[in-house]
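To start, the structure itself, in structure tokens.
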Amino acid sequence: MSTQQTQNLTLVQAVRDGLHTEMQRDEDVIVLGEDVGKNGGVFRATEGLYDEFGGDRVVDTPLAESGIVGTAVGMAAYGLKPVPEIQFSGFMYPAFDQIVSHAARLRTRSRGRYTCPMVIRAPYGGGIRAPEHHSESKEAFYAHEAGLKVVIPSTPYDTKGLLISAIRDPDPVVFLEPKLIYRAFRGDVPEGEYTVPIGEAEVRREGTDVSVFVYGAMTPRTLEAAENLTEEGIDCEVVDLRTVSPLDRDAIVDSFKKTGRACVVHEAPRSGGMAGEITATIQERALYYQEAPVVRVTGYDVPYPLYALEDYYLPSVARIEDGIREAAEFR
Amino acid sequence: MSVLQRDPRDRVQVLDEDGSVVGEVPDVDDETLLSIYREMKLARHFDTRAVSLQRQGRMGTYPPLSGQEGAQVASAHALDEEDWLFPSYREHGALHVRGFPLDRILLYWMGTEQGNEAPPDVNTFPVAVPIATQTLHAVGAAWASKLKAGEEAFIVYFGDGGTSEGDTHEAMNFAGVFDTPTVFFCNNNQWAISVPRERQTRSETIAQKANAYGFQGVQVDGMDPLAVYQVTRAAVEKAKADDSGELRPTLIEAVQYRFGAHTTADDPTVYRDSDEVEKWKRKDPIPRLETFLRDTGRLDDDRVDEIESEVQETVADAIQTAESTPRPDPDEMFEHVFAERTPDLDAQYESFAALREEFGDDAFLHR
Ligand SMILES: Cc1ncc(C[n+]2csc(CCOP(=O)(O)OP(=O)(O)O)c2C)c(N)n1
């Protein structure tokens with residue numbers, strides 16, 4: 001790895017680079033979806049791939065999510081590695097039946113005879129003043145479904161490495177891309193292939209007072225909040241989960257045992273969200289270390305509002321700070 | 001014989017590209033004709049201003065309609081007062097014809113929930129952003145009306161891309177099976193973002209898909225307002241007459257073009273060439289109808305100027321009203337989720353209110 005060159009890429013460029021790397025390596029990898037071909041994807045995540053690999057491997061499909069994912073199930077069973085793009089995660093619902101009833105269960109239902117190695121990519125989440133239904137954060141739906149893996153990167157490096165792992169994974173992976181930070185910053189990304197393992201969290205900041213569990217687009221805000229709180233003498237450990245299913249429960253428990261206090265941050269609605277699962281893990285495995293109730297900083301249980309109010313919906317740096325403070329100060 | 005009884009390839013046309021009469025002029029009074037003209041001009045001007053508001057950062061992403069005024073305005077005019085309209089996200093012109101205020105349309109695209117609220121006497125559904133989902137709602141409402149012996153027609157708009165979604169086929173199938181008073185109006189503007197019509201379906205026409213569901217499908221020049229009015233009116237009348245001997249639903253394929261980008265977030269130069277745009281601009285519905293109205297003595301320079309300034313004033317007023325409407329109260333987020341807030345949601349609201357009280361709105365705004 002030390003011999004590899006690096007490029008300075010945005011997160012969405014890292015998606016493209018990951019796709020490109022795997023398509024070059026493995027001719028079974030095919031990309032399909034709405035506007036992924038000539039247009040290069042509405043976010044440019046597939047830019048240039050059509051010119052390089054042609055219309056049989058970078059396929060502009062009819063406008064039909066159930067069709068895209070359902071045919072990908074058949075392709076995967078036959079031996080290709082389809083990477084369907086759903087244009088926005090808010091439009092995955094027409095494909096939901098195919099994802100949960102079939103992609104997730106094909107291995108089980110055929111007793112291993114057929115499998116479904118595919119990566120369903122979609123930009124998710126709010127904060128970019130998008131129209132209605134373009135900002136939802138519904139990772140919990142997919143995490144609730146046995147047989148699916150759900151990955152949500154937060155850095156360009158992880159994005160490429162996790163995407164390559166996802167494409168090589170023998171099972172279906174839902175790969176949600178935080179579009180709020182698609183172009184918010186750049187990071188070093190090695191050229192060529194490398195992987196980041198699915199199911200492993202990463203400690204982004206070490207600390208001793210409160211463990212903050214986060215993933216995706218809320219990660220940079222959480223790191224900012226953690227920095228701000230040092231002025232108040234609160235030393236946070238920030239754990240980026242990177243994969244919400246399977247959850248890296250060991251990483252959660254290890255960090256919590258150090259601090260005895262936790263705050264979970266996600267933009268998805270609170271009820272039934274990932275924060276509940278993380279809290280349960282703490283209860284099950286580290287009860288005697290617990291010094292404060294787990295605090296959740298999340299979206300509210302309301303339909304994602306039109307954008308004039310989205311700042312009130314999404315966890316802001318100040319709200320995250322407030323939540324961490326609450327966990328830190330509980331006596 | 002009804003205009004609907006024809007081969008789906010036999011495109012209905014009344015005016016040619018130059019506005020000369022080549023078909024049968026529908027029986028429409030002068031007032032309606034002038035109103036179609038005026039509403040098309042209004043929609044065009046609204047569109048131009050909306051795109052520019054977006055460019056100036058005064059509005060979010062917006063889907064332009066220019067080129068589609070003939071289809072939207074003339075079809076909406078063919079409805080009766082009590083009829084229902086189910087829009088996609090591009091039907092600003094059709095919505096306005098039905099009495100949906102322009103300032104609310106702007107508010108919606110300015111990210112404000114108020115923009116979703118139809119006035120009580122206006123039977124329009126909220127804008128549908130997820131493609132083709134509204135087709136089923138229109139069939140359901142039409143079906144309910146039939147069950148309750150109502151007498152309305154129900155028109156639903158969707159794009160050529162929308163015909164690829166399963167929902168559209170389920171909707172048309174239900175409509176056929178239950179013989180509902182539904183008018184399916186496909187705005188075939190040739191492109192679903194970057195994907196051309198040919199990539200959505202191998203059917204020669206979209207209209208012919210109706211055959212598969214057992215009812216009539218008709219193709220019309222969507223940039224010919226008189227032809228659009230004629231076929232839509234026939235479809236509305238048939239929807240309401242349960243004794244016509246035909247199934248009540250109709251699929252109208254209005255062949256047209258969107259002159260601009262798919263939305264203000266899109267760059268069409270990546271996927272279509274300017275010759276194509278120029279070719280379609282020659283079919284612009286507004287000069288076509290204007291020529292016809294002038295040639296038949298219904299319109300002159302003075303009236304055109306008058307309409308032009310009326311239109312400008314109406315749009316300027318709507319922008320002024322929208323922009324001076326107070327920003328929504330953040331509490332609104334918690335309203336209209338349920339008829340009555342659940343205990344959980346109430347607790348979330350309380351903590352939201354407490355946070356605002358303690359830290360001010362700055363605590364929510366991302367810096
Ligand atoms: C279910 C769903 N999938 C994808 C999208 C994203 N999207 C918005 S508009 C559009 C193209 C629609 O084309 P068409 O139906 O022809 O209507 P037009 O915009 O041309 O009027 C796409 C893919 C969406 N809004 N809903």
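As shown in the structure tokens, the chain order sets the letters A, B, ...; within each chain, residues go from 1, and ligands are also counted from 1 in the order they appear.
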(request) Would you kindly report the residues of chain A within 10 Å of chain B, using only C-alpha atoms, as a VMD selection string? (result) chain A and resid 34 to 43 60 to 67 90 to 94 127 to 134 221 270 to 271 299 to 322
(request) Considering only C-alpha atoms, return as a VMD selection string whatever protein or nucleic-acid residues lie within 8 Å of segment 254-257 of chain B, sequence-local ones (same chain, fewer than 2 positions apart) excluded. (result) chain B and resid 67 to 68 71 185 to 190 219 to 223 228 252 259 280
Might you pull out every residue within 12 Å of Glu291 of chain A, with only C-alpha atoms counted and same-chain residues fewer than 2 positions away left off, and present them as a PDB file with all heavy atoms, in the first residue's frame?
ATOM      1  N   ASP A 209     -14.522  10.993  28.166  1.00  0.00           N
ATOM      2  CA  ASP A 209     -15.710  11.373  28.947  1.00  0.00           C
ATOM      3  C   ASP A 209     -17.021  10.796  28.403  1.00  0.00           C
ATOM      4  O   ASP A 209     -17.839  10.293  29.164  1.00  0.00           O
ATOM      5  CB  ASP A 209     -15.835  12.898  29.010  1.00  0.00           C
ATOM      6  CG  ASP A 209     -14.691  13.517  29.787  1.00  0.00           C
ATOM      7  OD1 ASP A 209     -14.096  12.791  30.631  1.00  0.00           O
ATOM      8  OD2 ASP A 209     -14.366  14.686  29.556  1.00  0.00           O
ATOM      9  N   VAL A 210     -17.247  10.928  27.114  1.00  0.00           N
ATOM     10  CA  VAL A 210     -18.502  10.474  26.512  1.00  0.00           C
ATOM     11  C   VAL A 210     -18.187   9.777  25.184  1.00  0.00           C
ATOM     12  O   VAL A 210     -17.365  10.283  24.409  1.00  0.00           O
ATOM     13  CB  VAL A 210     -19.453  11.664  26.210  1.00  0.00           C
ATOM     14  CG1 VAL A 210     -20.753  11.165  25.569  1.00  0.00           C
ATOM     15  CG2 VAL A 210     -19.770  12.464  27.454  1.00  0.00           C
ATOM     16  N   SER A 211     -18.840   8.649  24.923  1.00  0.00           N
ATOM     17  CA  SER A 211     -18.714   8.005  23.606  1.00  0.00           C
ATOM     18  C   SER A 211     -19.835   8.521  22.718  1.00  0.00           C
ATOM     19  O   SER A 211     -21.000   8.453  23.098  1.00  0.00           O
ATOM     20  CB  SER A 211     -18.873   6.491  23.727  1.00  0.00           C
ATOM     21  OG  SER A 211     -17.876   5.973  24.555  1.00  0.00           O
ATOM     22  N   PHE A 256     -17.750   2.316  25.097  1.00  0.00           N
ATOM     23  CA  PHE A 256     -18.626   2.662  26.221  1.00  0.00           C
ATOM     24  C   PHE A 256     -18.008   2.259  27.558  1.00  0.00           C
ATOM     25  O   PHE A 256     -18.137   2.969  28.561  1.00  0.00           O
ATOM     26  CB  PHE A 256     -19.995   1.996  26.033  1.00  0.00           C
ATOM     27  CG  PHE A 256     -21.000   2.448  27.055  1.00  0.00           C
ATOM     28  CD1 PHE A 256     -21.587   3.701  26.940  1.00  0.00           C
ATOM     29  CD2 PHE A 256     -21.330   1.642  28.128  1.00  0.00           C
ATOM     30  CE1 PHE A 256     -22.504   4.134  27.893  1.00  0.00           C
ATOM     31  CE2 PHE A 256     -22.246   2.071  29.079  1.00  0.00           C
ATOM     32  CZ  PHE A 256     -22.841   3.315  28.960  1.00  0.00           C
ATOM     33  N   LYS A 257     -17.311   1.144  27.593  1.00  0.00           N
ATOM     34  CA  LYS A 257     -16.691   0.716  28.847  1.00  0.00           C
ATOM     35  C   LYS A 257     -15.639   1.727  29.317  1.00  0.00           C
ATOM     36  O   LYS A 257     -15.387   1.882  30.494  1.00  0.00           O
ATOM     37  CB  LYS A 257     -16.058  -0.672  28.678  1.00  0.00           C
ATOM     38  CG  LYS A 257     -17.101  -1.792  28.699  1.00  0.00           C
ATOM     39  CD  LYS A 257     -16.433  -3.158  28.613  1.00  0.00           C
ATOM     40  CE  LYS A 257     -17.465  -4.262  28.762  1.00  0.00           C
ATOM     41  NZ  LYS A 257     -16.890  -5.593  28.443  1.00  0.00           N
ATOM     42  N   LYS A 258     -15.056   2.419  28.348  1.00  0.00           N
ATOM     43  CA  LYS A 258     -14.054   3.435  28.681  1.00  0.00           C
ATOM     44  C   LYS A 258     -14.690   4.669  29.313  1.00  0.00           C
ATOM     45  O   LYS A 258     -14.168   5.252  30.240  1.00  0.00           O
ATOM     46  CB  LYS A 258     -13.388   3.871  27.362  1.00  0.00           C
ATOM     47  CG  LYS A 258     -11.888   3.748  27.334  1.00  0.00           C
ATOM     48  CD  LYS A 258     -11.375   3.906  25.918  1.00  0.00           C
ATOM     49  CE  LYS A 258     -11.004   5.339  25.606  1.00  0.00           C
ATOM     50  NZ  LYS A 258     -10.530   5.483  24.197  1.00  0.00           N
ATOM     51  N   THR A 259     -15.859   5.052  28.759  1.00  0.00           N
ATOM     52  CA  THR A 259     -16.420   6.349  29.136  1.00  0.00           C
ATOM     53  C   THR A 259     -17.629   6.234  30.071  1.00  0.00           C
ATOM     54  O   THR A 259     -17.917   7.152  30.825  1.00  0.00           O
ATOM     55  CB  THR A 259     -16.885   7.119  27.888  1.00  0.00           C
ATOM     56  OG1 THR A 259     -17.910   6.347  27.254  1.00  0.00           O
ATOM     57  CG2 THR A 259     -15.743   7.353  26.928  1.00  0.00           C
ATOM     58  N   GLY A 260     -18.382   5.170  29.950  1.00  0.00           N
ATOM     59  CA  GLY A 260     -19.581   4.993  30.775  1.00  0.00           C
ATOM     60  C   GLY A 260     -20.734   5.895  30.384  1.00  0.00           C
ATOM     61  O   GLY A 260     -21.781   5.918  31.031  1.00  0.00           O
ATOM     62  N   ARG A 261     -20.539   6.667  29.317  1.00  0.00           N
ATOM     63  CA  ARG A 261     -21.587   7.601  28.893  1.00  0.00           C
ATOM     64  C   ARG A 261     -21.676   7.575  27.366  1.00  0.00           C
ATOM     65  O   ARG A 261     -20.643   7.471  26.704  1.00  0.00           O
ATOM     66  CB  ARG A 261     -21.269   9.028  29.347  1.00  0.00           C
ATOM     67  CG  ARG A 261     -21.255   9.178  30.849  1.00  0.00           C
ATOM     68  CD  ARG A 261     -20.610  10.477  31.294  1.00  0.00           C
ATOM     69  NE  ARG A 261     -20.419  10.456  32.750  1.00  0.00           N
ATOM     70  CZ  ARG A 261     -21.331  10.877  33.629  1.00  0.00           C
ATOM     71  NH1 ARG A 261     -22.473  11.404  33.195  1.00  0.00           N
ATOM     72  NH2 ARG A 261     -21.091  10.798  34.925  1.00  0.00           N
ATOM     73  N   ALA A 262     -22.899   7.705  26.859  1.00  0.00           N
ATOM     74  CA  ALA A 262     -23.029   7.643  25.400  1.00  0.00           C
ATOM     75  C   ALA A 262     -24.061   8.613  24.866  1.00  0.00           C
ATOM     76  O   ALA A 262     -25.081   8.903  25.508  1.00  0.00           O
ATOM     77  CB  ALA A 262     -23.413   6.225  24.963  1.00  0.00           C
ATOM     78  N   ILE A 282     -25.695  -1.552  24.417  1.00  0.00           N
ATOM     79  CA  ILE A 282     -25.026  -1.065  25.633  1.00  0.00           C
ATOM     80  C   ILE A 282     -25.683  -1.678  26.877  1.00  0.00           C
ATOM     81  O   ILE A 282     -25.013  -2.148  27.790  1.00  0.00           O
ATOM     82  CB  ILE A 282     -25.068   0.485  25.661  1.00  0.00           C
ATOM     83  CG1 ILE A 282     -24.174   1.034  24.545  1.00  0.00           C
ATOM     84  CG2 ILE A 282     -24.675   1.016  27.019  1.00  0.00           C
ATOM     85  CD1 ILE A 282     -24.333   2.525  24.307  1.00  0.00           C
ATOM     86  N   GLN A 283     -27.003  -1.689  26.860  1.00  0.00           N
ATOM     87  CA  GLN A 283     -27.727  -2.262  28.003  1.00  0.00           C
ATOM     88  C   GLN A 283     -27.376  -3.736  28.197  1.00  0.00           C
ATOM     89  O   GLN A 283     -27.157  -4.189  29.310  1.00  0.00           O
ATOM     90  CB  GLN A 283     -29.248  -2.170  27.764  1.00  0.00           C
ATOM     91  CG  GLN A 283     -29.776  -0.765  27.682  1.00  0.00           C
ATOM     92  CD  GLN A 283     -29.742  -0.083  29.019  1.00  0.00           C
ATOM     93  OE1 GLN A 283     -30.343  -0.561  29.977  1.00  0.00           O
ATOM     94  NE2 GLN A 283     -29.019   1.012  29.096  1.00  0.00           N
ATOM     95  N   ALA A 286     -23.033  -3.847  28.678  1.00  0.00           N
ATOM     96  CA  ALA A 286     -22.162  -2.993  29.503  1.00  0.00           C
ATOM     97  C   ALA A 286     -22.956  -2.273  30.589  1.00  0.00           C
ATOM     98  O   ALA A 286     -22.601  -1.173  31.003  1.00  0.00           O
ATOM     99  CB  ALA A 286     -21.441  -1.987  28.606  1.00  0.00           C
ATOM    100  N   LEU A 287     -23.994  -2.922  31.054  1.00  0.00           N
ATOM    101  CA  LEU A 287     -24.890  -2.259  32.010  1.00  0.00           C
ATOM    102  C   LEU A 287     -24.126  -1.715  33.226  1.00  0.00           C
ATOM    103  O   LEU A 287     -24.345  -0.586  33.651  1.00  0.00           O
ATOM    104  CB  LEU A 287     -25.970  -3.245  32.461  1.00  0.00           C
ATOM    105  CG  LEU A 287     -26.999  -2.677  33.433  1.00  0.00           C
ATOM    106  CD1 LEU A 287     -27.820  -1.587  32.752  1.00  0.00           C
ATOM    107  CD2 LEU A 287     -27.924  -3.777  33.954  1.00  0.00           C
ATOM    108  N   TYR A 288     -23.211  -2.525  33.744  1.00  0.00           N
ATOM    109  CA  TYR A 288     -22.552  -2.098  34.993  1.00  0.00           C
ATOM    110  C   TYR A 288     -21.533  -0.977  34.791  1.00  0.00           C
ATOM    111  O   TYR A 288     -21.015  -0.441  35.736  1.00  0.00           O
ATOM    112  CB  TYR A 288     -21.910  -3.308  35.676  1.00  0.00           C
ATOM    113  CG  TYR A 288     -22.957  -4.302  36.134  1.00  0.00           C
ATOM    114  CD1 TYR A 288     -22.910  -5.640  35.745  1.00  0.00           C
ATOM    115  CD2 TYR A 288     -24.026  -3.883  36.938  1.00  0.00           C
ATOM    116  CE1 TYR A 288     -23.887  -6.537  36.156  1.00  0.00           C
ATOM    117  CE2 TYR A 288     -25.007  -4.771  37.336  1.00  0.00           C
ATOM    118  CZ  TYR A 288     -24.938  -6.099  36.945  1.00  0.00           C
ATOM    119  OH  TYR A 288     -25.902  -6.976  37.338  1.00  0.00           O
ATOM    120  N   TYR A 289     -21.278  -0.661  33.550  1.00  0.00           N
ATOM    121  CA  TYR A 289     -20.361   0.460  33.285  1.00  0.00           C
ATOM    122  C   TYR A 289     -21.114   1.778  33.129  1.00  0.00           C
ATOM    123  O   TYR A 289     -20.525   2.822  32.999  1.00  0.00           O
ATOM    124  CB  TYR A 289     -19.560   0.190  32.007  1.00  0.00           C
ATOM    125  CG  TYR A 289     -18.632  -0.996  32.121  1.00  0.00           C
ATOM    126  CD1 TYR A 289     -19.098  -2.290  31.946  1.00  0.00           C
ATOM    127  CD2 TYR A 289     -17.284  -0.803  32.447  1.00  0.00           C
ATOM    128  CE1 TYR A 289     -18.254  -3.377  32.068  1.00  0.00           C
ATOM    129  CE2 TYR A 289     -16.425  -1.892  32.567  1.00  0.00           C
ATOM    130  CZ  TYR A 289     -16.922  -3.180  32.373  1.00  0.00           C
ATOM    131  OH  TYR A 289     -16.076  -4.235  32.499  1.00  0.00           O
ATOM    132  N   PRO A 293     -27.922   7.877  31.441  1.00  0.00           N
ATOM    133  CA  PRO A 293     -28.784   7.360  30.378  1.00  0.00           C
ATOM    134  C   PRO A 293     -28.168   7.679  29.009  1.00  0.00           C
ATOM    135  O   PRO A 293     -27.483   8.697  28.867  1.00  0.00           O
ATOM    136  CB  PRO A 293     -30.094   8.137  30.544  1.00  0.00           C
ATOM    137  CG  PRO A 293     -30.014   8.794  31.880  1.00  0.00           C
ATOM    138  CD  PRO A 293     -28.564   8.944  32.213  1.00  0.00           C
ATOM    139  N   VAL A 294     -28.396   6.820  28.049  1.00  0.00           N
ATOM    140  CA  VAL A 294     -27.905   7.094  26.699  1.00  0.00           C
ATOM    141  C   VAL A 294     -28.762   8.216  26.105  1.00  0.00           C
ATOM    142  O   VAL A 294     -29.988   8.185  26.198  1.00  0.00           O
ATOM    143  CB  VAL A 294     -28.001   5.831  25.814  1.00  0.00           C
ATOM    144  CG1 VAL A 294     -27.556   6.137  24.385  1.00  0.00           C
ATOM    145  CG2 VAL A 294     -27.158   4.701  26.406  1.00  0.00           C
ATOM    146  N   VAL A 295     -28.101   9.193  25.520  1.00  0.00           N
ATOM    147  CA  VAL A 295     -28.827  10.326  24.926  1.00  0.00           C
ATOM    148  C   VAL A 295     -28.901  10.132  23.419  1.00  0.00           C
ATOM    149  O   VAL A 295     -27.913   9.730  22.797  1.00  0.00           O
ATOM    150  CB  VAL A 295     -28.097  11.652  25.262  1.00  0.00           C
ATOM    151  CG1 VAL A 295     -28.772  12.818  24.552  1.00  0.00           C
ATOM    152  CG2 VAL A 295     -28.055  11.877  26.764  1.00  0.00           C
ATOM    153  N   GLU A 326     -25.496  16.724  27.890  1.00  0.00           N
ATOM    154  CA  GLU A 326     -26.463  16.057  28.768  1.00  0.00           C
ATOM    155  C   GLU A 326     -25.896  14.716  29.264  1.00  0.00           C
ATOM    156  O   GLU A 326     -26.016  14.382  30.445  1.00  0.00           O
ATOM    157  CB  GLU A 326     -27.757  15.828  27.984  1.00  0.00           C
ATOM    158  CG  GLU A 326     -28.939  15.436  28.850  1.00  0.00           C
ATOM    159  CD  GLU A 326     -30.177  15.138  27.995  1.00  0.00           C
ATOM    160  OE1 GLU A 326     -30.357  15.796  26.938  1.00  0.00           O
ATOM    161  OE2 GLU A 326     -30.935  14.233  28.375  1.00  0.00           O
ATOM    162  N   ALA A 327     -25.275  13.973  28.353  1.00  0.00           N
ATOM    163  CA  ALA A 327     -24.693  12.686  28.753  1.00  0.00           C
ATOM    164  C   ALA A 327     -23.523  12.902  29.706  1.00  0.00           C
ATOM    165  O   ALA A 327     -23.341  12.156  30.676  1.00  0.00           O
ATOM    166  CB  ALA A 327     -24.242  11.915  27.517  1.00  0.00           C
ATOM    167  N   ALA A 328     -22.734  13.950  29.452  1.00  0.00           N
ATOM    168  CA  ALA A 328     -21.532  14.182  30.257  1.00  0.00           C
ATOM    169  C   ALA A 328     -21.875  14.660  31.659  1.00  0.00           C
ATOM    170  O   ALA A 328     -21.210  14.320  32.632  1.00  0.00           O
ATOM    171  CB  ALA A 328     -20.646  15.220  29.569  1.00  0.00           C
ATOM    172  N   GLU A 329     -22.946  15.456  31.739  1.00  0.00           N
ATOM    173  CA  GLU A 329     -23.213  16.132  33.019  1.00  0.00           C
ATOM    174  C   GLU A 329     -24.121  15.349  33.955  1.00  0.00           C
ATOM    175  O   GLU A 329     -24.317  15.735  35.098  1.00  0.00           O
ATOM    176  CB  GLU A 329     -23.792  17.524  32.733  1.00  0.00           C
ATOM    177  CG  GLU A 329     -22.717  18.468  32.204  1.00  0.00           C
ATOM    178  CD  GLU A 329     -23.281  19.735  31.569  1.00  0.00           C
ATOM    179  OE1 GLU A 329     -24.528  19.905  31.599  1.00  0.00           O
ATOM    180  OE2 GLU A 329     -22.467  20.519  31.034  1.00  0.00           O
ATOM    181  N   PHE A 330     -24.706  14.264  33.472  1.00  0.00           N
ATOM    182  CA  PHE A 330     -25.640  13.510  34.314  1.00  0.00           C
ATOM    183  C   PHE A 330     -24.924  12.979  35.561  1.00  0.00           C
ATOM    184  O   PHE A 330     -23.880  12.365  35.468  1.00  0.00           O
ATOM    185  CB  PHE A 330     -26.242  12.349  33.505  1.00  0.00           C
ATOM    186  CG  PHE A 330     -27.257  11.547  34.286  1.00  0.00           C
ATOM    187  CD1 PHE A 330     -28.588  11.944  34.316  1.00  0.00           C
ATOM    188  CD2 PHE A 330     -26.876  10.414  35.001  1.00  0.00           C
ATOM    189  CE1 PHE A 330     -29.522  11.218  35.048  1.00  0.00           C
ATOM    190  CE2 PHE A 330     -27.801   9.687  35.732  1.00  0.00           C
ATOM    191  CZ  PHE A 330     -29.122  10.079  35.758  1.00  0.00           C
ATOM    192  N   ARG A 331     -25.530  13.245  36.676  1.00  0.00           N
ATOM    193  CA  ARG A 331     -24.933  12.732  37.926  1.00  0.00           C
ATOM    194  C   ARG A 331     -25.957  11.899  38.674  1.00  0.00           C
ATOM    195  O   ARG A 331     -27.100  12.278  38.794  1.00  0.00           O
ATOM    196  CB  ARG A 331     -24.491  13.888  38.844  1.00  0.00           C
ATOM    197  CG  ARG A 331     -23.248  14.615  38.343  1.00  0.00           C
ATOM    198  CD  ARG A 331     -21.985  13.734  38.467  1.00  0.00           C
ATOM    199  NE  ARG A 331     -20.835  14.327  37.770  1.00  0.00           N
ATOM    200  CZ  ARG A 331     -20.500  14.082  36.497  1.00  0.00           C
ATOM    201  NH1 ARG A 331     -21.221  13.281  35.782  1.00  0.00           N
ATOM    202  NH2 ARG A 331     -19.430  14.631  35.968  1.00  0.00           N
TER     203      ARG A 331
END
(request) Would you work out the distance separating atom CA of Ala77 of chain A from atom CA of Ala45 of chain A, expressed in Å to one decimal? (result)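 Interatomic distance, atom CA of Ala77 of chain A to atom CA of Ala45 of chain A: 25.6 Å.
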(request) Go through segment 183-291 of chain A and collect every residue that DSSP, computed from the backbone, puts in alpha helix (DSSP H); the answer should be as a PyMOL selection string. (result) chain A and resi 218-230+249-259+274-286
(request) Can you pull out every residue within 12 Å of Glu27 of chain A, counting only C-alpha atoms, but drop anything in the same chain fewer than 5 positions away, and send it as number ranges by chain? (result) A: 19-22, 53-54, 56-58, 79-82
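Restricting the calculation to only C-alpha atoms and all ligand atoms, the smallest distance between ligand 1 and any of B:Leu289, B:Ala43, B:Leu65, B:Ala153 is found for B:Leu65.
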(request) Kindly indicate which residue among B:Ala354, B:Ala142, B:Ala261, B:Met172 lies nearest to ligand 1, using only C-alpha atoms and all ligand atoms for the distances. (result)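 Of B:Ala354, B:Ala142, B:Ala261, B:Met172, the one nearest ligand 1, counting only C-alpha atoms and all ligand atoms, is B:Ala261.
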(message) Restricting the calculation to only C-alpha atoms and all ligand atoms: of B:Asp18, B:Glu91, B:Glu276, B:Glu310, which residue gets closest to ligand 1?
(response)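 Once distances to ligand 1 are computed over only C-alpha atoms and all ligand atoms, the minimum belongs to B:Glu91.
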(message) Run DSSP on the backbone and tell me which residues of segment 82-175 of chain A come out as strand (DSSP E or B); list them as JSON, numbers by chain.
(response) {"A": [82, 83, 84, 85, 119, 120, 121, 122, 123, 124, 149, 150, 151, 173, 174, 175]}
Could you save those same residues with N, CA and C atoms as a short mmCIF file (atom, residue, chain, number, x, y, z; two decimals), in the first residue's frame?
data_model
loop_
_atom_site.label_atom_id
_atom_site.label_comp_id
_atom_site.auth_asym_id
_atom_site.auth_seq_id
_atom_site.Cartn_x
_atom_site.Cartn_y
_atom_site.Cartn_z
N PRO A 82 -24.22 -7.12 -10.33
CA PRO A 82 -24.87 -5.84 -10.63
C PRO A 82 -24.72 -4.82 -9.50
N VAL A 83 -24.54 -3.58 -9.90
CA VAL A 83 -24.51 -2.48 -8.94
C VAL A 83 -25.60 -1.50 -9.34
N PRO A 84 -26.83 -1.77 -8.95
CA PRO A 84 -27.91 -0.86 -9.32
C PRO A 84 -27.80 0.45 -8.55
N GLU A 85 -28.05 1.55 -9.25
CA GLU A 85 -28.14 2.85 -8.58
C GLU A 85 -29.61 3.23 -8.50
N VAL A 119 -24.85 -4.65 -5.12
CA VAL A 119 -24.74 -3.47 -4.26
C VAL A 119 -25.75 -2.44 -4.74
N ILE A 120 -26.73 -2.19 -3.91
CA ILE A 120 -27.73 -1.18 -4.26
C ILE A 120 -27.25 0.14 -3.70
N ARG A 121 -26.81 1.02 -4.60
CA ARG A 121 -26.30 2.33 -4.17
C ARG A 121 -27.41 3.36 -4.23
N ALA A 122 -27.43 4.25 -3.25
CA ALA A 122 -28.36 5.39 -3.33
C ALA A 122 -27.84 6.53 -2.47
N PRO A 123 -27.94 7.76 -2.99
CA PRO A 123 -27.67 8.91 -2.13
C PRO A 123 -28.79 9.03 -1.11
N TYR A 124 -28.45 9.32 0.14
CA TYR A 124 -29.49 9.43 1.15
C TYR A 124 -29.29 10.71 1.95
N LYS A 149 -26.78 -6.29 4.16
CA LYS A 149 -25.79 -5.49 4.88
C LYS A 149 -26.03 -4.04 4.51
N VAL A 150 -25.82 -3.16 5.45
CA VAL A 150 -26.10 -1.74 5.19
C VAL A 150 -24.88 -0.91 5.56
N VAL A 151 -24.33 -0.25 4.56
CA VAL A 151 -23.07 0.47 4.72
C VAL A 151 -23.32 1.97 4.48
N VAL A 173 -25.76 -5.85 -0.57
CA VAL A 173 -25.39 -4.73 0.31
C VAL A 173 -26.17 -3.50 -0.12
N VAL A 174 -26.77 -2.82 0.84
CA VAL A 174 -27.37 -1.51 0.58
C VAL A 174 -26.30 -0.49 0.95
N PHE A 175 -25.92 0.32 -0.02
CA PHE A 175 -24.81 1.25 0.17
C PHE A 175 -25.36 2.66 0.09
#
(message) My list of candidates is B:Arg298, B:Glu308, B:Asp224, B:Ala316. Which is closest to Asp16 of chain B when distances are computed with only C-alpha atoms?
(response)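 Among the listed residues, the smallest separation from Asp16 of chain B belongs to B:Asp224.
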(message) Please compute the atom CA of Arg233 of chain B-atom CA of Gly217 of chain B distance, one decimal, in Å.
(response)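 Rounded to one decimal, the two atoms are 14.0 Å apart.
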